[in-house]
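File shown here: final_11.cif, holding mmCIF, C-alpha atoms.
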```
data_protein
#
loop_
_atom_site.group_PDB
_atom_site.id
_atom_site.type_symbol
_atom_site.label_atom_id
_atom_site.label_comp_id
_atom_site.auth_asym_id
_atom_site.auth_seq_id
_atom_site.Cartn_x
_atom_site.Cartn_y
_atom_site.Cartn_z
ATOM 1 C CA MET W 30 109.813 95.642 70.118
ATOM 2 C CA ALA W 31 109.600 92.018 69.029
ATOM 3 C CA SER W 32 110.991 90.719 72.296
ATOM 4 C CA GLU W 33 107.753 91.149 74.246
ATOM 5 C CA GLU W 34 104.896 88.695 73.852
ATOM 6 C CA GLU W 35 101.963 91.085 74.007
ATOM 7 C CA SER W 36 99.564 88.465 72.621
ATOM 8 C CA ALA W 37 99.348 86.871 76.056
ATOM 9 C CA VAL W 38 97.860 90.036 77.537
ATOM 10 C CA LYS W 39 94.112 90.042 77.612
ATOM 11 C CA GLU W 40 91.993 92.793 76.184
ATOM 12 C CA PRO W 41 88.951 94.157 77.970
ATOM 13 C CA LEU W 42 86.780 92.368 75.399
ATOM 14 C CA ASP W 43 88.360 89.047 76.353
ATOM 15 C CA LEU W 44 87.186 89.637 79.880
ATOM 16 C CA ILE W 45 83.628 90.350 78.698
ATOM 17 C CA ARG W 46 83.749 86.941 77.053
ATOM 18 C CA LEU W 47 83.932 85.468 80.558
ATOM 19 C CA SER W 48 80.446 86.899 81.181
ATOM 20 C CA LEU W 49 78.814 85.070 78.245
ATOM 21 C CA ASP W 50 75.670 83.228 79.348
ATOM 22 C CA GLU W 51 75.816 85.107 82.626
ATOM 23 C CA ARG W 52 73.540 87.846 83.816
ATOM 24 C CA ILE W 53 75.093 91.261 83.432
ATOM 25 C CA TYR W 54 74.355 94.874 84.167
ATOM 26 C CA VAL W 55 74.683 97.374 81.323
ATOM 27 C CA LYS W 56 74.673 101.140 81.702
ATOM 28 C CA LEU W 57 73.512 102.943 78.570
ATOM 29 C CA ARG W 58 73.372 106.547 77.477
ATOM 30 C CA SER W 59 70.191 108.519 78.191
ATOM 31 C CA ASP W 60 70.115 107.311 81.808
ATOM 32 C CA ARG W 61 69.110 103.786 80.977
ATOM 33 C CA GLU W 62 70.181 100.537 82.566
ATOM 34 C CA LEU W 63 69.697 96.951 81.518
ATOM 35 C CA ARG W 64 69.937 93.702 83.407
ATOM 36 C CA GLY W 65 69.840 90.544 81.400
ATOM 37 C CA LYS W 66 71.623 87.422 80.262
ATOM 38 C CA LEU W 67 74.415 88.007 77.787
ATOM 39 C CA HIS W 68 74.019 85.740 74.782
ATOM 40 C CA ALA W 69 76.381 87.441 72.349
ATOM 41 C CA TYR W 70 78.502 90.517 71.849
ATOM 42 C CA ASP W 71 80.993 91.936 69.378
ATOM 43 C CA GLN W 72 83.832 94.451 69.272
ATOM 44 C CA HIS W 73 81.356 97.327 68.957
ATOM 45 C CA LEU W 74 79.666 96.101 72.119
ATOM 46 C CA ASN W 75 76.528 95.336 70.143
ATOM 47 C CA MET W 76 74.887 92.768 72.412
ATOM 48 C CA ILE W 77 72.129 90.199 72.430
ATOM 49 C CA LEU W 78 70.492 90.002 75.831
ATOM 50 C CA GLY W 79 67.804 87.643 77.064
ATOM 51 C CA ASP W 80 65.202 88.111 79.818
ATOM 52 C CA VAL W 81 66.030 91.780 80.069
ATOM 53 C CA GLU W 82 64.799 94.380 82.484
ATOM 54 C CA GLU W 83 65.262 97.968 81.330
ATOM 55 C CA ILE W 84 65.240 100.824 83.823
ATOM 56 C CA ILE W 85 64.867 104.394 82.557
ATOM 57 C CA THR W 86 65.631 107.123 85.076
ATOM 58 C CA THR W 87 64.235 110.628 84.729
ATOM 59 C CA VAL W 88 64.652 113.614 86.993
ATOM 60 C CA GLU W 89 61.947 116.241 87.039
ATOM 61 C CA ILE W 90 62.363 119.557 88.768
ATOM 62 C CA ASP W 91 59.266 121.018 90.300
ATOM 63 C CA ASP W 92 58.768 124.592 89.099
ATOM 64 C CA GLU W 93 57.688 125.886 92.471
ATOM 65 C CA THR W 94 59.607 123.911 95.039
ATOM 66 C CA TYR W 95 62.655 123.187 92.848
ATOM 67 C CA GLU W 96 62.506 119.745 94.273
ATOM 68 C CA GLU W 97 64.033 116.956 92.204
ATOM 69 C CA ILE W 98 61.649 114.126 91.495
ATOM 70 C CA VAL W 99 63.498 111.018 90.427
ATOM 71 C CA ARG W 100 61.354 108.562 88.517
ATOM 72 C CA THR W 101 62.232 105.161 87.203
ATOM 73 C CA THR W 102 60.350 103.361 84.485
ATOM 74 C CA ARG W 103 60.808 99.629 84.093
ATOM 75 C CA ARG W 104 59.931 97.204 81.356
ATOM 76 C CA THR W 105 60.887 93.639 80.621
ATOM 77 C CA VAL W 106 61.798 92.321 77.209
ATOM 78 C CA PRO W 107 62.429 88.627 76.503
ATOM 79 C CA PHE W 108 65.031 89.157 73.782
ATOM 80 C CA LEU W 109 66.897 92.320 72.927
ATOM 81 C CA PHE W 110 69.518 93.537 70.478
ATOM 82 C CA VAL W 111 71.504 96.435 71.900
ATOM 83 C CA ARG W 112 73.423 98.682 69.528
ATOM 84 C CA GLY W 113 76.929 99.114 70.844
ATOM 85 C CA ASP W 114 77.301 102.843 70.456
ATOM 86 C CA GLY W 115 74.828 103.429 73.277
ATOM 87 C CA VAL W 116 76.760 101.339 75.778
ATOM 88 C CA ILE W 117 78.687 103.054 78.527
ATOM 89 C CA LEU W 118 79.548 100.287 80.999
ATOM 90 C CA VAL W 119 79.152 96.528 81.378
ATOM 91 C CA SER W 120 79.476 94.689 84.670
ATOM 92 C CA PRO W 121 78.333 91.579 86.511
ATOM 93 C CA PRO W 122 75.097 92.427 88.345
ATOM 94 C CA LEU W 123 75.424 94.662 91.378
ATOM 95 C CA ARG W 124 75.360 92.594 94.540
ATOM 96 C CA THR W 125 73.857 95.420 96.553
ATOM 97 C CA ALA W 126 70.845 95.799 94.281
ATOM 98 C CA MET H 18 117.342 103.803 75.336
ATOM 99 C CA SER H 19 116.517 105.100 78.781
ATOM 100 C CA GLY H 20 113.632 103.614 80.668
ATOM 101 C CA GLY H 21 112.193 104.375 84.099
ATOM 102 C CA GLY H 22 113.470 102.366 87.082
ATOM 103 C CA GLY H 23 110.831 101.736 89.713
ATOM 104 C CA GLU H 24 109.243 105.167 89.416
ATOM 105 C CA LYS H 25 106.477 104.911 86.878
ATOM 106 C CA GLY H 26 105.615 108.538 87.390
ATOM 107 C CA LEU H 27 108.991 109.615 86.085
ATOM 108 C CA THR H 28 109.217 107.102 83.255
ATOM 109 C CA THR H 29 110.268 108.610 79.978
ATOM 110 C CA THR H 30 107.216 107.378 78.118
ATOM 111 C CA LYS H 31 107.513 108.279 74.519
ATOM 112 C CA THR H 32 103.995 107.779 73.289
ATOM 113 C CA PRO H 33 100.486 107.418 74.746
ATOM 114 C CA ALA H 34 100.738 103.717 73.883
ATOM 115 C CA ASP H 35 103.716 103.403 76.199
ATOM 116 C CA PHE H 36 101.739 105.075 78.957
ATOM 117 C CA LEU H 37 98.851 102.656 78.454
ATOM 118 C CA LYS H 38 101.182 99.690 78.703
ATOM 119 C CA SER H 39 102.771 100.996 81.870
ATOM 120 C CA ILE H 40 99.677 101.657 83.973
ATOM 121 C CA ARG H 41 98.103 98.205 84.102
ATOM 122 C CA GLY H 42 97.466 97.053 87.656
ATOM 123 C CA ARG H 43 97.599 100.556 89.028
ATOM 124 C CA PRO H 44 94.765 102.458 90.670
ATOM 125 C CA VAL H 45 93.344 104.910 88.180
ATOM 126 C CA VAL H 46 90.734 107.572 87.749
ATOM 127 C CA VAL H 47 88.733 107.326 84.543
ATOM 128 C CA LYS H 48 86.632 110.323 83.643
ATOM 129 C CA LEU H 49 83.920 109.948 81.054
ATOM 130 C CA ASN H 50 82.642 112.530 78.615
ATOM 131 C CA SER H 51 79.466 112.660 80.678
ATOM 132 C CA GLY H 52 81.453 113.848 83.703
ATOM 133 C CA VAL H 53 81.074 110.639 85.693
ATOM 134 C CA ASP H 54 84.195 109.437 87.476
ATOM 135 C CA TYR H 55 85.286 105.852 87.970
ATOM 136 C CA ARG H 56 88.042 104.931 90.388
ATOM 137 C CA GLY H 57 89.481 101.480 90.509
ATOM 138 C CA ILE H 58 92.356 99.223 89.615
ATOM 139 C CA LEU H 59 93.063 99.002 85.928
ATOM 140 C CA ALA H 60 92.956 95.401 84.766
ATOM 141 C CA CYS H 61 93.570 96.073 81.096
ATOM 142 C CA LEU H 62 92.787 98.378 78.246
ATOM 143 C CA ASP H 63 93.144 98.480 74.486
ATOM 144 C CA GLY H 64 93.846 100.967 71.729
ATOM 145 C CA TYR H 65 90.234 102.108 71.620
ATOM 146 C CA MET H 66 90.491 103.067 75.300
ATOM 147 C CA ASN H 67 88.049 100.300 76.183
ATOM 148 C CA ILE H 68 88.799 99.663 79.844
ATOM 149 C CA ALA H 69 88.469 96.754 82.226
ATOM 150 C CA MET H 70 88.733 97.662 85.908
ATOM 151 C CA GLU H 71 88.373 95.945 89.250
ATOM 152 C CA GLN H 72 86.983 97.252 92.540
ATOM 153 C CA THR H 73 85.415 100.142 90.695
ATOM 154 C CA GLU H 74 83.637 103.008 92.385
ATOM 155 C CA GLU H 75 81.395 105.388 90.494
ATOM 156 C CA TYR H 76 81.349 109.046 91.488
ATOM 157 C CA VAL H 77 78.705 111.417 90.181
ATOM 158 C CA ASN H 78 79.197 115.076 91.124
ATOM 159 C CA GLY H 79 81.832 113.945 93.576
ATOM 160 C CA GLN H 80 79.439 111.602 95.333
ATOM 161 C CA LEU H 81 79.916 107.859 95.473
ATOM 162 C CA LYS H 82 76.985 106.327 93.701
ATOM 163 C CA ASN H 83 77.828 102.722 92.918
ATOM 164 C CA LYS H 84 80.420 100.052 93.359
ATOM 165 C CA TYR H 85 81.243 97.399 90.786
ATOM 166 C CA GLY H 86 83.382 94.331 91.302
ATOM 167 C CA ASP H 87 84.368 94.376 87.662
ATOM 168 C CA ALA H 88 83.576 97.020 85.110
ATOM 169 C CA PHE H 89 84.116 97.311 81.369
ATOM 170 C CA ILE H 90 83.878 100.791 79.965
ATOM 171 C CA ARG H 91 83.448 101.447 76.259
ATOM 172 C CA GLY H 92 86.303 103.550 75.023
ATOM 173 C CA ASN H 93 84.349 106.211 73.182
ATOM 174 C CA ASN H 94 82.951 107.449 76.499
ATOM 175 C CA VAL H 95 86.377 107.965 78.053
ATOM 176 C CA LEU H 96 87.632 111.506 78.412
ATOM 177 C CA TYR H 97 90.828 110.619 80.246
ATOM 178 C CA ILE H 98 92.606 107.934 82.228
ATOM 179 C CA SER H 99 94.737 109.156 85.074
ATOM 180 C CA THR H 100 96.847 107.305 87.597
ATOM 181 C CA SER H 101 96.024 107.876 91.223
ATOM 182 C CA LYS H 102 98.288 107.529 94.212
ATOM 183 C CA ARG H 103 95.457 106.519 96.491
ATOM 184 C CA THR H 104 94.531 102.874 96.586
ATOM 185 C CA LEU H 105 91.057 101.755 97.528
ATOM 186 C CA ALA H 106 91.892 98.846 99.759
ATOM 187 C CA GLU H 107 94.838 100.288 101.615
ATOM 188 C CA GLY H 108 94.647 103.539 103.475
ATOM 189 C CA ALA H 109 98.127 104.995 103.279
#
```
Can you give me the file's structure in the form of structure tokens?
Amino acid sequence: MASEEESAVKEPLDLIRLSLDERIYVKLRSDRELRGKLHAYDQHLNMILGDVEEIITTVEIDDETYEEIVRTTRRTVPFLFVRGDGVILVSPPLRTA
Amino acid sequence: MSGGGGEKGLTTTKTPADFLKSIRGRPVVVKLNSGVDYRGILACLDGYMNIAMEQTEEYVNGQLKNKYGDAFIRGNNVLYISTSKRTLAEGA
């Protein structure tokens, strides 16, 4: 299979590199989301983010009415190290938000 | 060595790696371990099943929840990658 030049094909991580120094949206496990500026990342998707807003979403079910109460908790953090194993998805910020 | 003509669905792919090479640029459905579905056009992927997609739509419990222009999904979350005949932009 030496005839094909696969090195020219980009990996998904190469495309994340295009987002360096840009604001990004990160979806994490445990119903958490981050929006911040991407300063650094690695192959594990460990990331350094600056000026970050974290949104934690919880859903409570009322015992009597069985109504779902969706709550979001927000906090801002100036500088954050994110461990890669918690990352689900990375994207440029949602335009609709 | 026999290879598929224009029909990628009938290609005699020998290994999963061959399948991954053949589906770039196609509309796909990516299901995560958490049950969330992402439909979009596969830009590229690697051996860890890390995925880069364009025009991505996120479906939770069958309902469209979000749209992303570009999305990178970490491979450990991926349950499967499936090709889809439907395209997002064109209604066939």
For this structure, which residues satisfy the selection - the PyMOL selection byres ((chain W and resi 110) around 10) - when it is evaluated on the file as given? I want them as a PyMOL selection string. chain W and resi 68-70+75-79+108-109+111-113
Selection result for the PyMOL selection byres ((chain W and resi 55) around 7) on this file, as an MDAnalysis selection string: chainID W and resid 53:54 56:57 62:64 118:120
Contact set, chain H to chain W: 7 Å, only C-alpha atoms, as a ChimeraX atom specification: /H:61-63,67-69,85,87-91,94
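Note that atom CA of W:Asp60 and atom CA of H:Ser51 are 10.8 Å apart.
Taking atom CA of H:Val53 and atom CA of H:Glu75 as the two end points, the separation is 7.1 Å.
Interatomic distance, atom CA of H:Ile58 to atom CA of H:Gln72: 6.4 Å.
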Just want the 7 Å neighbourhood of H:Val46, counted on all atoms listed in the file, with same-chain residues fewer than 6 positions away dropped. Output as JSON, numbers by chain. {"H": [54, 55, 56, 57, 98, 99, 100, 101]}
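You can rank W:Thr87, W:Arg61, W:Leu47, W:Asp92 by their closest distance to W:Arg104 using all atoms listed in the file, and at the top of that list sits W:Arg61.
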Across H:Ala34, H:Gln80, H:Asn93, H:Gly42, the smallest distance to H:Tyr65, with only C-alpha atoms counted, is shown by H:Asn93
Selection under test: the PyMOL selection byres ((chain W and resi 103) around 7); residues as JSON, numbers by chain: {"W": [82, 83, 84, 85, 101, 102, 104, 105]}
